[in-house]
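Novice: Okay, here's the structure, questions in a sec.
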Amino acid sequence: MTILNLLFIVFLGILFFIAYFHISNYLLDSYGGRSVKRYNFENSIRVIVFIAPAFIVLFVFILYPVFETIRLSFYDKFGREFVGLYNYKWAVNDPEFRRSILNNLVWLLVVPTLSTFFGLVIANLADRIWWGSIAKSIIFMPMAISFVGAGVIWKFIYEYRGPDNTQIGLLNSIIVSLGYEPQAWLTIPIWNNFFLMAIMIWIQTGLALVIFSAALRSIPKEMLEAARIDGASELKIFFSIIIPYLEQTILVIWTLITIIVLRIFDIIFAMTNGEWQTGVLANLMYDWMFRGGGDSGRGSVLAIVIMIGVIPILAWNLYKHRQEQKI
Amino acid sequence: MKRLYKILLISFLSFVFSFSAYAGGHKYTGPDLSGQKVVMFGPWLSPEQEIMREVGAIFEKATGATFEYGGSDSFEQQVMIDLKAGSAADLVVFPQPGLAANAAAMGGLVPLGDDIKQMVLDNYAAGQSWIDLSTYDDENGNEQFNAIFFRTNVKSLVWYSPDNFEDNGYEVPSSMEELMALTEQMASDGNTPWCIGLGSGAATGWPATDWMEDIMLRTHSPDVYDMWVSNEMPFNDPRVLEAMDFFGSIALNDSYVNGGSKAVATTDFRDAPNGLFTSPAECMMHRQASFIPAFFPEGVEAGVDYDFFYFPAFAGKDLGTPVLGAGTLVAATNDNPATIEFMKFLMHPEPHEYWMAKGGFLTPHKGVDGSKYASDTFRKLGEILTGATTFRFDASDLMPGAIGAGTFWTGMVDYTNGKSAKDVADAIQDSWDAIK
């Protein structure tokens, strides 16, 4: 019943937009075309009419929230009273905020770098062995798992039980069988950040791997053969031919993963919820915005900080994209 | 506030005495609400959510309306998102009055009106005290009656296995001194005295706040407790630090807790009591509220496999026998006829009796049939209440949401992970100052 309703509404919506474009087009056609002046006028109207739906969607879902967030950041927790820069001052002095920024930076440095590195190395090695494609598909599989799902799986890997009890966590049972004390991995500050990053790397390596495998095929065989005939070692080939040749691909993958890491939230939410000093800005924002009644003022300040952090990377990405189009 | 607590205590006492008021079950009859739907959202997950759905089925049968319940252990955040987005469920189950007050201040709840208020006054023992705890300022600062308490609990309980106690020759302690001596003896016998688990998804840390509250009530006068709740006494007061250190003397002692202090914050509170029932037992005692048997392993029997005793007071301190309690509140986000009728349904004895029979449910409802309680164990909770000289509502539930459902929780997690009591309390007080 509800699904039918939904389909009907979707159908109506599509019908409405088809009608919107056709009718407005028809009206403009019947109006213009008789003189140059009218023709020009009609054309400029047509542009506005055709672009309007997209612009309205963009405005409602992207521009309006941005301005509303900026407005809320100057208001109290209910968004009613103007408090000036109070929320910003609070953020600067908040130790949690500073730690979250630091954690974010470490995530942004470590995860894209290691994912790209592992992807590149594995793609190279997998090409040389007969079971390479099996290995590649296994490494690619985590890509199909959601971050929360991956979090639940890795919770079992990091699970901690007291030294006297049976370890049900993979990592601890290995360590105990080697004769060491079990560790509560997720509660060891600083290191626990890296244990969480391992999950993200585990997922993203597959992405890098697949793209690199394809890119490797584009390296001319003759060039590699020529290098081998000249007596270059495989390491030399890797560093002097493959890496320079794949430079663009490496950059694309690195920025792609960086953008994914910028939105990191789910893994931390599912694993530690930001406890034990693992919080990042997105988790802190969510906490302030919604936990215990919520505080839209402080939450908005944090949202703006995240937005400002994203801008340089997006700008750089756009710049790159433009340059490529020029070529 | 103080008067309110007194009334609350009386209310608990009178519901204990009202067991024999009626005989036989009660049947709810309601108006015809065919085709209407009531959606409820709350913090209850399995097994409580099944019981809530069964309770809802009674309503469905009587009125022809449909009832849906959904639960989340990130409820505290989710409900605020829903309210702000204007897409909240018709009925919302708040685990803390503080959070409900926040929701009301946002303008997210509808006033329930005099009908239901009168029903609470008539049906709940000392109804006025419950109304006071569920009357909040709305977005314009006007006081409104917003919620009814459904399912209350007592927190000052220690659960144990009588068999384990018998095998080892342990006696149920009658004072805190005896309890600490027993703890020490268990540890020296090679047993692990306590199971503690603070994990609870996004609400991780709350079980430790209950410990803190129980200890505060046992080390200082109730006035100090009230000052702590209202922040008249700062959170980093030496008296609070003393309570935290007392908690630490158990939770941070590797030989006192199952899995060592590292396991405290990483163990889920729902899994923690399982250690009582393993063989050999992973722990001897578990301090938790009256709802915890809902999470015990399948098939264990109250009074046989498990029992409880009162978390005792210090014999050396003249503070009587304090009891800590709490409850969940049901509030409405709209005044559809079906939604309001469901509220009235919750004031009827039948849903109370249904859940009582399932266990883990206490109610101040005067009209319920006491014989419906699942077992004598739950009836025995009454004795703990009749013996109480002080009753206090859960402090973290009364504190502002950002503290009581935020920094207090995370602070206790930090504390069990080795941060000093002073640093933890300073950070909590800073966050309290920040929201003033």
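In the structure tokens, chains take letters A, B, ... by order of appearance, with residues numbered from 1 within each chain and ligands from 1 in the order shown.
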Check every residue of chain B for an atom within 6 Å of chain A, counting only C-alpha atoms, and provide those that qualify as a PDB file with N, CA, C and O atoms, in the first residue's frame.
Specialist:
```pdb
ATOM      1  N   GLU B  76      18.861   9.231  22.870  1.00  0.00           N
ATOM      2  CA  GLU B  76      19.018  10.603  23.372  1.00  0.00           C
ATOM      3  C   GLU B  76      19.289  11.588  22.247  1.00  0.00           C
ATOM      4  O   GLU B  76      18.804  12.710  22.287  1.00  0.00           O
ATOM      5  N   GLN B  77      20.073  11.179  21.265  1.00  0.00           N
ATOM      6  CA  GLN B  77      20.358  12.068  20.150  1.00  0.00           C
ATOM      7  C   GLN B  77      19.246  12.018  19.109  1.00  0.00           C
ATOM      8  O   GLN B  77      18.818  13.030  18.581  1.00  0.00           O
ATOM      9  N   MET B  80      16.115  14.101  19.550  1.00  0.00           N
ATOM     10  CA  MET B  80      16.282  15.533  19.319  1.00  0.00           C
ATOM     11  C   MET B  80      16.283  15.844  17.818  1.00  0.00           C
ATOM     12  O   MET B  80      15.727  16.847  17.384  1.00  0.00           O
ATOM     13  N   LEU B  99      15.998  15.297  30.016  1.00  0.00           N
ATOM     14  CA  LEU B  99      15.913  15.304  28.554  1.00  0.00           C
ATOM     15  C   LEU B  99      14.512  15.724  28.098  1.00  0.00           C
ATOM     16  O   LEU B  99      14.362  16.492  27.139  1.00  0.00           O
ATOM     17  N   ASN B 102      14.266  19.368  28.225  1.00  0.00           N
ATOM     18  CA  ASN B 102      14.907  19.979  27.050  1.00  0.00           C
ATOM     19  C   ASN B 102      13.978  19.951  25.846  1.00  0.00           C
ATOM     20  O   ASN B 102      13.857  20.931  25.114  1.00  0.00           O
ATOM     21  N   GLY B 259      37.393  -9.094  34.740  1.00  0.00           N
ATOM     22  CA  GLY B 259      38.128  -8.611  33.573  1.00  0.00           C
ATOM     23  C   GLY B 259      39.085  -7.494  33.896  1.00  0.00           C
ATOM     24  O   GLY B 259      39.765  -6.984  33.008  1.00  0.00           O
ATOM     25  N   GLY B 260      39.124  -7.069  35.158  1.00  0.00           N
ATOM     26  CA  GLY B 260      40.015  -5.973  35.518  1.00  0.00           C
ATOM     27  C   GLY B 260      39.413  -4.636  35.142  1.00  0.00           C
ATOM     28  O   GLY B 260      38.403  -4.560  34.441  1.00  0.00           O
ATOM     29  N   GLY B 401      20.494  18.078  30.327  1.00  0.00           N
ATOM     30  CA  GLY B 401      20.842  16.994  29.418  1.00  0.00           C
ATOM     31  C   GLY B 401      22.309  16.952  29.020  1.00  0.00           C
ATOM     32  O   GLY B 401      22.920  15.886  28.971  1.00  0.00           O
ATOM     33  N   ALA B 402      22.901  18.135  28.765  1.00  0.00           N
ATOM     34  CA  ALA B 402      24.294  18.163  28.304  1.00  0.00           C
ATOM     35  C   ALA B 402      25.246  17.627  29.374  1.00  0.00           C
ATOM     36  O   ALA B 402      26.338  17.163  29.060  1.00  0.00           O
ATOM     37  N   ALA B 405      23.254  13.615  30.586  1.00  0.00           N
ATOM     38  CA  ALA B 405      23.253  12.639  29.491  1.00  0.00           C
ATOM     39  C   ALA B 405      24.407  12.961  28.558  1.00  0.00           C
ATOM     40  O   ALA B 405      24.351  12.711  27.368  1.00  0.00           O
TER      41      ALA B 405
END
```
Novice: Report as a PyMOL selection string: the residues of range 94-224 of chain A with a DSSP assignment of alpha helix (DSSP H), based on the backbone of this structure.
Specialist: chain A and resi 95-126+132-140+147-158+170-177+191-217+221-224
Novice: Report as a list in words all protein, DNA and RNA residues lying within 9 Å of range 37-54 of chain A, evaluated on only C-alpha atoms, omitting residues in the same chain fewer than 4 positions from it.
Specialist: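 Residues meeting the cut-off are Phe17, Phe21, Ser24, Asn25, Leu28, Asp29, Tyr31, Gly32, Gly33, Leu58 and Phe59 of chain A.
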Novice: Which is closer to Pro142 in chain A than all the others in A:Ser73, A:Thr113, A:Thr205, A:Asn104, using only C-alpha atoms?
Specialist: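 Distance minimum relative to Pro142 in chain A lands on A:Thr205.
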Novice: Can you tell me, as a list of chain:residue names, what residues are no more than 12 Å from Gly418 in chain B when counting only C-alpha atoms, ignoring any on the same chain fewer than 4 positions away?
Specialist: A:Thr187, A:Ile188, A:Pro189, A:Trp276, B:Asp245, B:Gly248, B:Ala251, B:Leu252, B:Asn253, B:Ser261, B:Lys262, B:Val264, B:Ala265, B:Gly411, B:Met412, B:Val413, B:Asp414, B:Lys422, B:Asp423, B:Val424
Novice: With all heavy atoms retained, export the selected residues as a compact mmCIF listing (two decimals), in the first residue's frame.
Specialist:
```txt
# COMPACT_ATOMS: atom_id res chain seq x y z
N THR A 187 40.75 1.44 24.15
CA THR A 187 40.80 2.41 25.24
C THR A 187 42.20 2.97 25.45
O THR A 187 42.42 3.70 26.40
CB THR A 187 40.32 1.78 26.56
OG1 THR A 187 41.28 0.80 26.95
CG2 THR A 187 38.97 1.14 26.42
N ILE A 188 43.15 2.60 24.60
CA ILE A 188 44.51 3.10 24.78
C ILE A 188 44.67 4.38 23.97
O ILE A 188 44.77 4.33 22.74
CB ILE A 188 45.55 2.06 24.29
CG1 ILE A 188 45.23 0.69 24.88
CG2 ILE A 188 46.96 2.51 24.67
CD1 ILE A 188 45.97 -0.45 24.24
N PRO A 189 44.66 5.55 24.63
CA PRO A 189 44.68 6.80 23.88
C PRO A 189 45.84 6.89 22.91
O PRO A 189 46.89 6.27 23.13
CB PRO A 189 44.80 7.87 24.96
CG PRO A 189 44.24 7.23 26.18
CD PRO A 189 44.61 5.78 26.07
N TRP A 276 37.44 7.84 24.93
CA TRP A 276 38.87 7.52 24.97
C TRP A 276 39.67 8.37 23.97
O TRP A 276 40.57 7.89 23.30
CB TRP A 276 39.10 6.02 24.73
CG TRP A 276 38.32 5.19 25.68
CD1 TRP A 276 38.51 5.10 27.03
CD2 TRP A 276 37.22 4.33 25.38
NE1 TRP A 276 37.57 4.25 27.58
CE2 TRP A 276 36.78 3.77 26.60
CE3 TRP A 276 36.54 4.00 24.21
CZ2 TRP A 276 35.69 2.89 26.67
CZ3 TRP A 276 35.47 3.13 24.29
CH2 TRP A 276 35.06 2.58 25.50
N ASP B 245 36.19 8.59 44.13
CA ASP B 245 37.31 7.74 44.55
C ASP B 245 36.82 6.45 45.20
O ASP B 245 37.46 5.40 45.06
CB ASP B 245 38.24 8.50 45.50
CG ASP B 245 39.14 9.46 44.73
OD1 ASP B 245 39.48 9.15 43.57
OD2 ASP B 245 39.50 10.52 45.28
N GLY B 248 36.02 4.33 42.51
CA GLY B 248 37.29 3.88 41.94
C GLY B 248 37.93 2.77 42.75
O GLY B 248 38.57 1.89 42.20
N ALA B 251 35.99 -0.13 41.17
CA ALA B 251 36.05 -0.30 39.72
C ALA B 251 37.48 -0.29 39.18
O ALA B 251 37.74 -0.87 38.13
CB ALA B 251 35.23 0.80 39.03
N LEU B 252 38.39 0.40 39.88
CA LEU B 252 39.75 0.49 39.36
C LEU B 252 40.68 -0.56 39.96
O LEU B 252 41.86 -0.59 39.68
CB LEU B 252 40.33 1.89 39.60
CG LEU B 252 39.59 3.04 38.90
CD1 LEU B 252 40.29 4.35 39.16
CD2 LEU B 252 39.50 2.79 37.40
N ASN B 253 40.11 -1.41 40.83
CA ASN B 253 40.92 -2.46 41.44
C ASN B 253 40.80 -3.73 40.59
O ASN B 253 39.73 -4.34 40.52
CB ASN B 253 40.42 -2.72 42.87
CG ASN B 253 41.34 -3.66 43.62
OD1 ASN B 253 41.95 -4.55 43.03
ND2 ASN B 253 41.43 -3.46 44.92
N SER B 261 40.06 -3.56 35.61
CA SER B 261 39.47 -2.23 35.42
C SER B 261 39.32 -1.89 33.94
O SER B 261 38.44 -1.13 33.56
CB SER B 261 40.31 -1.18 36.12
OG SER B 261 41.61 -1.17 35.56
N LYS B 262 40.15 -2.47 33.09
CA LYS B 262 40.08 -2.17 31.66
C LYS B 262 38.76 -2.63 31.07
O LYS B 262 38.27 -2.08 30.09
CB LYS B 262 41.23 -2.85 30.92
CG LYS B 262 42.49 -2.01 30.88
CD LYS B 262 43.53 -2.66 30.00
CE LYS B 262 44.46 -3.53 30.80
NZ LYS B 262 45.47 -4.21 30.02
N VAL B 264 35.87 -2.61 32.50
CA VAL B 264 34.69 -1.92 33.03
C VAL B 264 33.99 -1.11 31.93
O VAL B 264 32.79 -1.27 31.70
CB VAL B 264 35.06 -1.02 34.23
CG1 VAL B 264 33.91 -0.10 34.59
CG2 VAL B 264 35.45 -1.88 35.42
N ALA B 265 34.72 -0.24 31.25
CA ALA B 265 34.08 0.64 30.28
C ALA B 265 33.81 -0.05 28.95
O ALA B 265 32.98 0.40 28.18
CB ALA B 265 34.94 1.88 30.03
N GLY B 411 32.70 11.55 31.32
CA GLY B 411 33.65 11.73 32.41
C GLY B 411 33.89 10.44 33.17
O GLY B 411 35.03 10.09 33.49
N MET B 412 32.82 9.69 33.43
CA MET B 412 32.98 8.44 34.18
C MET B 412 33.75 7.41 33.35
O MET B 412 34.49 6.60 33.90
CB MET B 412 31.62 7.88 34.61
CG MET B 412 30.89 8.73 35.64
SD MET B 412 31.89 9.28 37.03
CE MET B 412 32.17 7.73 37.89
N VAL B 413 33.55 7.44 32.03
CA VAL B 413 34.32 6.54 31.17
C VAL B 413 35.81 6.89 31.24
O VAL B 413 36.67 6.02 31.39
CB VAL B 413 33.81 6.59 29.71
CG1 VAL B 413 34.73 5.82 28.79
CG2 VAL B 413 32.40 6.04 29.62
N ASP B 414 36.10 8.21 31.19
CA ASP B 414 37.49 8.65 31.30
C ASP B 414 38.08 8.23 32.65
O ASP B 414 39.24 7.83 32.73
CB ASP B 414 37.58 10.18 31.18
CG ASP B 414 37.36 10.66 29.75
OD1 ASP B 414 37.48 9.81 28.85
OD2 ASP B 414 37.07 11.84 29.56
N LYS B 422 39.99 14.29 40.05
CA LYS B 422 40.02 15.76 40.00
C LYS B 422 39.86 16.27 38.56
O LYS B 422 39.03 17.15 38.29
CB LYS B 422 41.36 16.22 40.60
CG LYS B 422 41.58 17.71 40.60
CD LYS B 422 41.10 18.33 41.91
CE LYS B 422 41.32 19.83 41.95
NZ LYS B 422 40.18 20.56 41.41
N ASP B 423 40.63 15.69 37.63
CA ASP B 423 40.56 16.13 36.23
C ASP B 423 39.17 15.89 35.66
O ASP B 423 38.63 16.74 34.94
CB ASP B 423 41.59 15.37 35.38
CG ASP B 423 43.01 15.81 35.69
OD1 ASP B 423 43.15 16.82 36.42
OD2 ASP B 423 43.95 15.14 35.22
N VAL B 424 38.60 14.72 35.97
CA VAL B 424 37.27 14.38 35.45
C VAL B 424 36.25 15.38 35.97
O VAL B 424 35.47 15.96 35.21
CB VAL B 424 36.89 12.94 35.85
CG1 VAL B 424 35.42 12.69 35.58
CG2 VAL B 424 37.76 11.94 35.12
```
Novice: Between CA of Trp131 in chain A and CA of Trp154 in chain A, measure the distance and give it in Å to one decimal.
Specialist: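 CA of Trp131 in chain A sits 26.3 Å away from CA of Trp154 in chain A.
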Novice: Which polymer residues have any atom within 12 Å of an atom of Val111 in chain A, counting only C-alpha atoms, with same-chain residues fewer than 3 positions away left out, as a ChimeraX atom specification?
Specialist: /A:103-108,114-119,193-205,208,253-262,264
Novice: Please return as a PyMOL selection string: the residues of range 154-378 of chain B that backbone DSSP assigns to strand (DSSP E).
Specialist: chain B and resi 154+157-160+285-287+307-310+322-332
Novice: Just want the 9 Å neighbourhood of range 220-227 of chain A, counted on only C-alpha atoms, with same-chain residues fewer than 5 positions away dropped. Output as a ChimeraX atom specification.
Specialist: /A:232-233,237,241-242
Novice: Give me the residues near range 161-166 of chain B as a ChimeraX atom specification, where near means some atom within 8 Å (using only C-alpha atoms) and where sequence neighbours in that chain fewer than 6 positions away do not count.
Specialist: /B:276-277,281,284-285,304-307
Novice: Create the file for the chosen residues now, containing N, CA and C atoms and written as a PDB file, in the first residue's frame.
Specialist:
```
ATOM      1  N   LEU B 276      27.496 -13.526  36.602  1.00  0.00           N
ATOM      2  CA  LEU B 276      26.936 -14.147  37.806  1.00  0.00           C
ATOM      3  C   LEU B 276      26.554 -15.596  37.542  1.00  0.00           C
ATOM      4  N   PHE B 277      26.241 -15.906  36.271  1.00  0.00           N
ATOM      5  CA  PHE B 277      25.621 -17.195  35.963  1.00  0.00           C
ATOM      6  C   PHE B 277      26.552 -18.163  35.250  1.00  0.00           C
ATOM      7  N   ALA B 281      31.668 -19.027  38.415  1.00  0.00           N
ATOM      8  CA  ALA B 281      31.146 -17.666  38.326  1.00  0.00           C
ATOM      9  C   ALA B 281      32.279 -16.684  38.062  1.00  0.00           C
ATOM     10  N   MET B 284      30.716 -12.292  41.703  1.00  0.00           N
ATOM     11  CA  MET B 284      29.780 -12.668  42.757  1.00  0.00           C
ATOM     12  C   MET B 284      28.619 -11.694  42.880  1.00  0.00           C
ATOM     13  N   MET B 285      28.853 -10.412  42.538  1.00  0.00           N
ATOM     14  CA  MET B 285      27.820  -9.400  42.771  1.00  0.00           C
ATOM     15  C   MET B 285      27.738  -8.432  41.591  1.00  0.00           C
ATOM     16  N   VAL B 304      15.739 -18.247  42.826  1.00  0.00           N
ATOM     17  CA  VAL B 304      16.456 -19.520  42.822  1.00  0.00           C
ATOM     18  C   VAL B 304      17.867 -19.308  42.279  1.00  0.00           C
ATOM     19  N   ASP B 305      17.922 -18.861  40.996  1.00  0.00           N
ATOM     20  CA  ASP B 305      19.226 -18.654  40.360  1.00  0.00           C
ATOM     21  C   ASP B 305      19.800 -17.284  40.702  1.00  0.00           C
ATOM     22  N   TYR B 306      18.915 -16.346  40.956  1.00  0.00           N
ATOM     23  CA  TYR B 306      19.420 -15.030  41.345  1.00  0.00           C
ATOM     24  C   TYR B 306      18.514 -14.398  42.388  1.00  0.00           C
ATOM     25  N   ASP B 307      19.094 -13.463  43.112  1.00  0.00           N
ATOM     26  CA  ASP B 307      18.359 -12.734  44.130  1.00  0.00           C
ATOM     27  C   ASP B 307      19.045 -11.380  44.273  1.00  0.00           C
TER      28      ASP B 307
END
```
Novice: Taking only C-alpha atoms into account, which of A:Tyr64, A:Ile267, A:Ile168, A:Arg322 comes nearest Ile145 in chain A?
Specialist: A:Ile267
Novice: Give one line per residue of range 104-198 of chain B that approaches range 354-368 of chain B to at most 7 Å, naming the two atoms of the closest pair and their distance in Å to one decimal, counting only C-alpha atoms; sort by chain then ascending residue number and deliver it as CSV.
Specialist:
```
residue,atom,partner,partner_atom,distance
B:Asn123,CA,B:Lys366,CA,5.6
B:Tyr124,CA,B:His365,CA,4.5
B:Ala125,CA,B:Pro364,CA,5.6
B:Arg151,CA,B:Thr363,CA,5.6
B:Thr152,CA,B:Leu362,CA,5.2
B:Asn153,CA,B:Leu362,CA,5.8
```
Novice: If you keep N, CA and C atoms, can you produce a file of those selected residues as a PDB file, in the first residue's frame?
Specialist:
```
ATOM      1  N   ASN B 123      -4.884   8.144  40.098  1.00  0.00           N
ATOM      2  CA  ASN B 123      -4.427   6.752  40.030  1.00  0.00           C
ATOM      3  C   ASN B 123      -3.040   6.511  40.618  1.00  0.00           C
ATOM      4  N   TYR B 124      -2.155   7.489  40.512  1.00  0.00           N
ATOM      5  CA  TYR B 124      -0.809   7.270  41.019  1.00  0.00           C
ATOM      6  C   TYR B 124      -0.745   7.693  42.480  1.00  0.00           C
ATOM      7  N   ALA B 125      -0.121   6.875  43.274  1.00  0.00           N
ATOM      8  CA  ALA B 125       0.096   7.235  44.667  1.00  0.00           C
ATOM      9  C   ALA B 125       0.893   8.531  44.702  1.00  0.00           C
ATOM     10  N   ARG B 151       6.490   2.889  34.158  1.00  0.00           N
ATOM     11  CA  ARG B 151       7.594   2.007  34.505  1.00  0.00           C
ATOM     12  C   ARG B 151       8.651   2.743  35.315  1.00  0.00           C
ATOM     13  N   THR B 152       8.611   2.549  36.606  1.00  0.00           N
ATOM     14  CA  THR B 152       9.619   3.140  37.486  1.00  0.00           C
ATOM     15  C   THR B 152      10.548   2.035  37.958  1.00  0.00           C
ATOM     16  N   ASN B 153      11.688   2.436  38.471  1.00  0.00           N
ATOM     17  CA  ASN B 153      12.601   1.409  38.957  1.00  0.00           C
ATOM     18  C   ASN B 153      13.350   1.865  40.204  1.00  0.00           C
TER      19      ASN B 153
END
```
Novice: Which distance in Å separates CA of Tyr26 in chain A and CA of Leu7 in chain A, to one decimal?
Specialist: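 According to the coordinates, CA of Tyr26 in chain A and CA of Leu7 in chain A are separated by 28.2 Å.
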Novice: In Å to one decimal, how far is CA of Ile292 in chain B from CA of Glu184 in chain B?
Specialist: 25.0 Å
Novice: Would you mind telling me which residue in A:Val280, A:Met141, A:Val210, A:Val310 lies nearest to Phe97 in chain A when using only C-alpha atoms?
Specialist: A:Val280
Novice: Given the choices A:Pro112, A:Leu85, A:Ser296, A:Leu72, which gets closest to Lys84 in chain B if the distance is worked out from only C-alpha atoms?
Specialist: A:Ser296
